[in-house]
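J.: My structure is below; once you've seen it, I'll send some questions.
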Amino acid sequence: MFGSRQERRGEPSRSLISARSLKALQTTISRSGPAAMVSYTLIGAIVLLGGIGYAIDEWRGTSPWFLLGGLLLGLIVGFYELAKTLWRS
Amino acid sequence: MQIEQVQEHAGEAAAEGFNAGAVIIEHVANSPIDHPLIHLPTIAGIDLSVTKHVFMLWVVAALVFAAVTIAVRRYLRQDRLVPSGFMNALEAVVEFIRDNVVRPSVGDTWAPTWMPLVMTFFVFILTANAIGLIPVFEVLGLLDHWVLHAGEESFFARLLHGGSTATSNFNVTAALAVVTFFAIIVAGSKAHGAVQHWKNLVPHGVSPFLAVALIPIEILGMLVRPFALTMRLAANMTGGHIAILAILSFVFIFAEMAGSYVGIGVGAAFSVPLAVAITALEIIVVLVQAYVFTLLTAVFIGMAIHAHH
């Protein structure tokens, strides 16, 4: 009725501590969204555009120019997305 | 009679030799296209035959639909609306996704609109991932091998070929990512209007010269996001299964090289403990990957809605 013994002595009870740490975990998770997105987009852009460049090289026999171009474009797109997220926050 | 059969099987297996690569691929890949579960005609160049991964998608959909519908109906029939058991767990999950995934990224105004899509993604992907960890078909395969002896062309025998994790197939995750891709466009169009959504692609307040250069980069970025979603989920689900199978293959590789006692020793000391540990890790991966897919979907939708804030 009056809370646990620790609460009456002014110390937070165990359930309160675990509730707080759960809350902290939840805020961390919800803030990590943009960071997770950017990390995957950076890798994804390089892999996708590099892969498309490689496929064009295989098809037209122009190795290695489209692969290099694709990787470069992937870097630009990936880092542009990263920069945009950083500017936003 | 039984023992003779066992010896015969063992003899056959030994004569063929153990091919780790072939075994692993058969346990991870979809059923071969010339041996699908149900043969259907090819329409407009697309083979509509039902393969194992398609079948698993149906199983997952039916399972999720039945479990959630039954739980919610039973809950609504109660006199006092106090959830218990499965319904309690379901409610906790729904609240977690709403308060920690959808609301922070999409915002309170649009959360009710996009909550159903994000929640469906989470439950569907989680169930599809989790079913891949349950060795139902391996057990059925043992049953077939020793008891049933179903014919090579029967539905049951075809069911045993191929992996059961539908989300480890790039086509499945690509389809899910395409839903996300269109959800982003619809979210932006609903919040800002169809024209303004496409104008939002270029950041506010940059010089017209720079804006022209940024348009192709923004369009590429738009296409890269669903690609990243596709690869991440499928690669993670395939990778864990390959790791477990590769470690278990050591038992048979060593048994072939140095005799069955060495193989059993390697299994007991190294392969089985490590495989158990990786399976435990996979349980976390199953949860995290479903969570990350839904989180990223919510973040992308939120970015389209809050384009200039």
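Just remember, in the structure tokens the first chain shown is A, the second B, etc., residues are 1-based per chain, and ligands are 1-based in the order shown.
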So that I can check the surroundings of Thr127 (chain B), please list as an MDAnalysis selection string every protein, DNA and RNA residue that reaches within 12 Å of it, counting only C-alpha atoms and ignoring chain neighbours fewer than 5 positions away.

T.: chainID B and resid 56:65 67 120:122 132:134 164:167 283 286:287 289:291

J.: When you get a sec, could you note down which chain A residues fall within 9 Å of chain B, using only C-alpha atoms, as a VMD selection string?

T.: chain A and resid 26 to 27 29 to 31 33 to 34 36 to 37 40 to 45 47 to 49 73 to 74 76 to 78 80 to 81 84 88

J.: Could you take the residues named above and write them with N, CA and C atoms, as a PDB file, in the first residue's frame?

T.:
ATOM      1  N   GLN A  26      13.957   1.363 -24.850  1.00  0.00           N
ATOM      2  CA  GLN A  26      12.980   1.688 -25.890  1.00  0.00           C
ATOM      3  C   GLN A  26      13.332   2.995 -26.587  1.00  0.00           C
ATOM      4  N   THR A  27      13.769   4.012 -25.804  1.00  0.00           N
ATOM      5  CA  THR A  27      14.139   5.280 -26.459  1.00  0.00           C
ATOM      6  C   THR A  27      15.356   5.068 -27.347  1.00  0.00           C
ATOM      7  N   ILE A  29      16.232   2.363 -28.890  1.00  0.00           N
ATOM      8  CA  ILE A  29      15.826   1.649 -30.096  1.00  0.00           C
ATOM      9  C   ILE A  29      15.124   2.591 -31.064  1.00  0.00           C
ATOM     10  N   SER A  30      14.189   3.417 -30.519  1.00  0.00           N
ATOM     11  CA  SER A  30      13.430   4.256 -31.433  1.00  0.00           C
ATOM     12  C   SER A  30      14.305   5.347 -32.049  1.00  0.00           C
ATOM     13  N   ARG A  31      15.395   5.742 -31.335  1.00  0.00           N
ATOM     14  CA  ARG A  31      16.294   6.727 -31.932  1.00  0.00           C
ATOM     15  C   ARG A  31      17.251   6.101 -32.926  1.00  0.00           C
ATOM     16  N   GLY A  33      16.612   4.149 -35.319  1.00  0.00           N
ATOM     17  CA  GLY A  33      16.009   3.911 -36.637  1.00  0.00           C
ATOM     18  C   GLY A  33      16.752   4.555 -37.794  1.00  0.00           C
ATOM     19  N   PRO A  34      16.922   5.903 -37.789  1.00  0.00           N
ATOM     20  CA  PRO A  34      17.618   6.547 -38.907  1.00  0.00           C
ATOM     21  C   PRO A  34      19.042   6.030 -39.089  1.00  0.00           C
ATOM     22  N   ALA A  36      20.229   3.034 -38.376  1.00  0.00           N
ATOM     23  CA  ALA A  36      20.167   1.709 -38.998  1.00  0.00           C
ATOM     24  C   ALA A  36      19.869   1.852 -40.487  1.00  0.00           C
ATOM     25  N   MET A  37      18.936   2.749 -40.817  1.00  0.00           N
ATOM     26  CA  MET A  37      18.557   2.957 -42.213  1.00  0.00           C
ATOM     27  C   MET A  37      19.766   3.388 -43.047  1.00  0.00           C
ATOM     28  N   TYR A  40      22.445   0.663 -43.698  1.00  0.00           N
ATOM     29  CA  TYR A  40      22.039  -0.308 -44.725  1.00  0.00           C
ATOM     30  C   TYR A  40      21.994   0.326 -46.100  1.00  0.00           C
ATOM     31  N   THR A  41      21.561   1.599 -46.185  1.00  0.00           N
ATOM     32  CA  THR A  41      21.483   2.257 -47.477  1.00  0.00           C
ATOM     33  C   THR A  41      22.874   2.453 -48.072  1.00  0.00           C
ATOM     34  N   LEU A  42      23.849   2.798 -47.208  1.00  0.00           N
ATOM     35  CA  LEU A  42      25.225   3.013 -47.686  1.00  0.00           C
ATOM     36  C   LEU A  42      25.760   1.745 -48.349  1.00  0.00           C
ATOM     37  N   ILE A  43      25.642   0.612 -47.635  1.00  0.00           N
ATOM     38  CA  ILE A  43      26.133  -0.660 -48.186  1.00  0.00           C
ATOM     39  C   ILE A  43      25.305  -1.038 -49.413  1.00  0.00           C
ATOM     40  N   GLY A  44      23.966  -0.903 -49.268  1.00  0.00           N
ATOM     41  CA  GLY A  44      23.068  -1.318 -50.349  1.00  0.00           C
ATOM     42  C   GLY A  44      23.346  -0.557 -51.628  1.00  0.00           C
ATOM     43  N   ALA A  45      23.604   0.763 -51.524  1.00  0.00           N
ATOM     44  CA  ALA A  45      23.850   1.560 -52.721  1.00  0.00           C
ATOM     45  C   ALA A  45      25.109   1.083 -53.428  1.00  0.00           C
ATOM     46  N   VAL A  47      26.599  -1.870 -53.222  1.00  0.00           N
ATOM     47  CA  VAL A  47      26.426  -3.226 -53.761  1.00  0.00           C
ATOM     48  C   VAL A  47      25.528  -3.207 -54.998  1.00  0.00           C
ATOM     49  N   LEU A  48      24.406  -2.484 -54.910  1.00  0.00           N
ATOM     50  CA  LEU A  48      23.449  -2.483 -56.026  1.00  0.00           C
ATOM     51  C   LEU A  48      24.059  -1.839 -57.269  1.00  0.00           C
ATOM     52  N   LEU A  49      24.590  -0.623 -57.116  1.00  0.00           N
ATOM     53  CA  LEU A  49      25.093   0.070 -58.298  1.00  0.00           C
ATOM     54  C   LEU A  49      26.379  -0.575 -58.820  1.00  0.00           C
ATOM     55  N   LEU A  73      29.320   5.770 -58.246  1.00  0.00           N
ATOM     56  CA  LEU A  73      27.960   6.297 -58.100  1.00  0.00           C
ATOM     57  C   LEU A  73      27.327   5.782 -56.801  1.00  0.00           C
ATOM     58  N   GLY A  74      27.585   4.501 -56.487  1.00  0.00           N
ATOM     59  CA  GLY A  74      27.076   3.925 -55.242  1.00  0.00           C
ATOM     60  C   GLY A  74      27.605   4.662 -54.028  1.00  0.00           C
ATOM     61  N   ILE A  76      28.617   7.777 -54.002  1.00  0.00           N
ATOM     62  CA  ILE A  76      28.010   9.112 -53.967  1.00  0.00           C
ATOM     63  C   ILE A  76      26.605   9.025 -53.363  1.00  0.00           C
ATOM     64  N   VAL A  77      25.791   8.081 -53.886  1.00  0.00           N
ATOM     65  CA  VAL A  77      24.409   7.966 -53.406  1.00  0.00           C
ATOM     66  C   VAL A  77      24.387   7.600 -51.927  1.00  0.00           C
ATOM     67  N   GLY A  78      25.218   6.620 -51.525  1.00  0.00           N
ATOM     68  CA  GLY A  78      25.238   6.169 -50.138  1.00  0.00           C
ATOM     69  C   GLY A  78      25.641   7.281 -49.193  1.00  0.00           C
ATOM     70  N   TYR A  80      25.566  10.484 -49.811  1.00  0.00           N
ATOM     71  CA  TYR A  80      24.578  11.566 -49.862  1.00  0.00           C
ATOM     72  C   TYR A  80      23.446  11.283 -48.880  1.00  0.00           C
ATOM     73  N   GLU A  81      22.983  10.014 -48.851  1.00  0.00           N
ATOM     74  CA  GLU A  81      21.924   9.643 -47.897  1.00  0.00           C
ATOM     75  C   GLU A  81      22.407   9.814 -46.460  1.00  0.00           C
ATOM     76  N   LYS A  84      22.498  13.459 -45.626  1.00  0.00           N
ATOM     77  CA  LYS A  84      21.152  14.003 -45.439  1.00  0.00           C
ATOM     78  C   LYS A  84      20.621  13.698 -44.038  1.00  0.00           C
ATOM     79  N   ARG A  88      19.823  16.415 -41.036  1.00  0.00           N
ATOM     80  CA  ARG A  88      18.482  16.448 -40.456  1.00  0.00           C
ATOM     81  C   ARG A  88      18.536  16.493 -38.935  1.00  0.00           C
TER      82      ARG A  88
END

J.: Separation of CA of Thr85 (chain A) and CA of Val178 (chain B), in Å?

T.: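 For CA of Thr85 (chain A) relative to CA of Val178 (chain B), the distance reads 22.7 Å.
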
J.: As a PyMOL selection string, please: every residue in region 18-252 of chain B that DSSP puts in alpha helix (DSSP H).

T.: chain B and resi 20-28+52-77+86-97+103-106+111-133+136-143+155-159+170-192+194-199+208-252

J.: Can you tell me how far CA of Val28 (chain B) sits from CA of Val50 (chain B), in Å to one decimal?

T.: 17.1 Å

J.: Using only C-alpha atoms, determine which residues lie at most 8 Å from Ser31 (chain B), disregarding the query and same-chain residues fewer than 6 positions distant; provide the list as a ChimeraX atom specification.

T.: /B:51-53,158,161-163

J.: Those same residues - N, CA, C and O atoms - I'd like them written as an mmCIF file, in the first residue's frame.

T.:
data_model
loop_
_atom_site.group_PDB
_atom_site.id
_atom_site.type_symbol
_atom_site.label_atom_id
_atom_site.label_comp_id
_atom_site.auth_asym_id
_atom_site.auth_seq_id
_atom_site.Cartn_x
_atom_site.Cartn_y
_atom_site.Cartn_z
ATOM 1 N N THR B 51 5.982 -23.745 -55.575
ATOM 2 C CA THR B 51 7.185 -24.372 -55.017
ATOM 3 C C THR B 51 7.082 -24.380 -53.497
ATOM 4 O O THR B 51 6.095 -23.914 -52.929
ATOM 5 N N LYS B 52 8.125 -24.903 -52.851
ATOM 6 C CA LYS B 52 8.052 -25.059 -51.409
ATOM 7 C C LYS B 52 7.967 -23.720 -50.677
ATOM 8 O O LYS B 52 7.242 -23.589 -49.694
ATOM 9 N N HIS B 53 8.708 -22.726 -51.176
ATOM 10 C CA HIS B 53 8.677 -21.437 -50.484
ATOM 11 C C HIS B 53 7.309 -20.765 -50.616
ATOM 12 O O HIS B 53 6.852 -20.109 -49.687
ATOM 13 N N ARG B 158 7.835 -34.595 -52.491
ATOM 14 C CA ARG B 158 8.253 -33.299 -53.038
ATOM 15 C C ARG B 158 8.362 -32.248 -51.940
ATOM 16 O O ARG B 158 9.169 -31.335 -52.020
ATOM 17 N N HIS B 161 11.812 -31.670 -50.317
ATOM 18 C CA HIS B 161 12.944 -31.063 -51.017
ATOM 19 C C HIS B 161 12.931 -29.563 -50.838
ATOM 20 O O HIS B 161 11.913 -28.920 -51.033
ATOM 21 N N GLY B 162 14.072 -29.029 -50.473
ATOM 22 C CA GLY B 162 14.206 -27.579 -50.377
ATOM 23 C C GLY B 162 14.043 -27.081 -48.960
ATOM 24 O O GLY B 162 13.523 -27.774 -48.092
ATOM 25 N N GLY B 163 14.525 -25.842 -48.728
ATOM 26 C CA GLY B 163 14.482 -25.254 -47.396
ATOM 27 C C GLY B 163 13.096 -24.747 -47.062
ATOM 28 O O GLY B 163 12.269 -24.533 -47.945
#
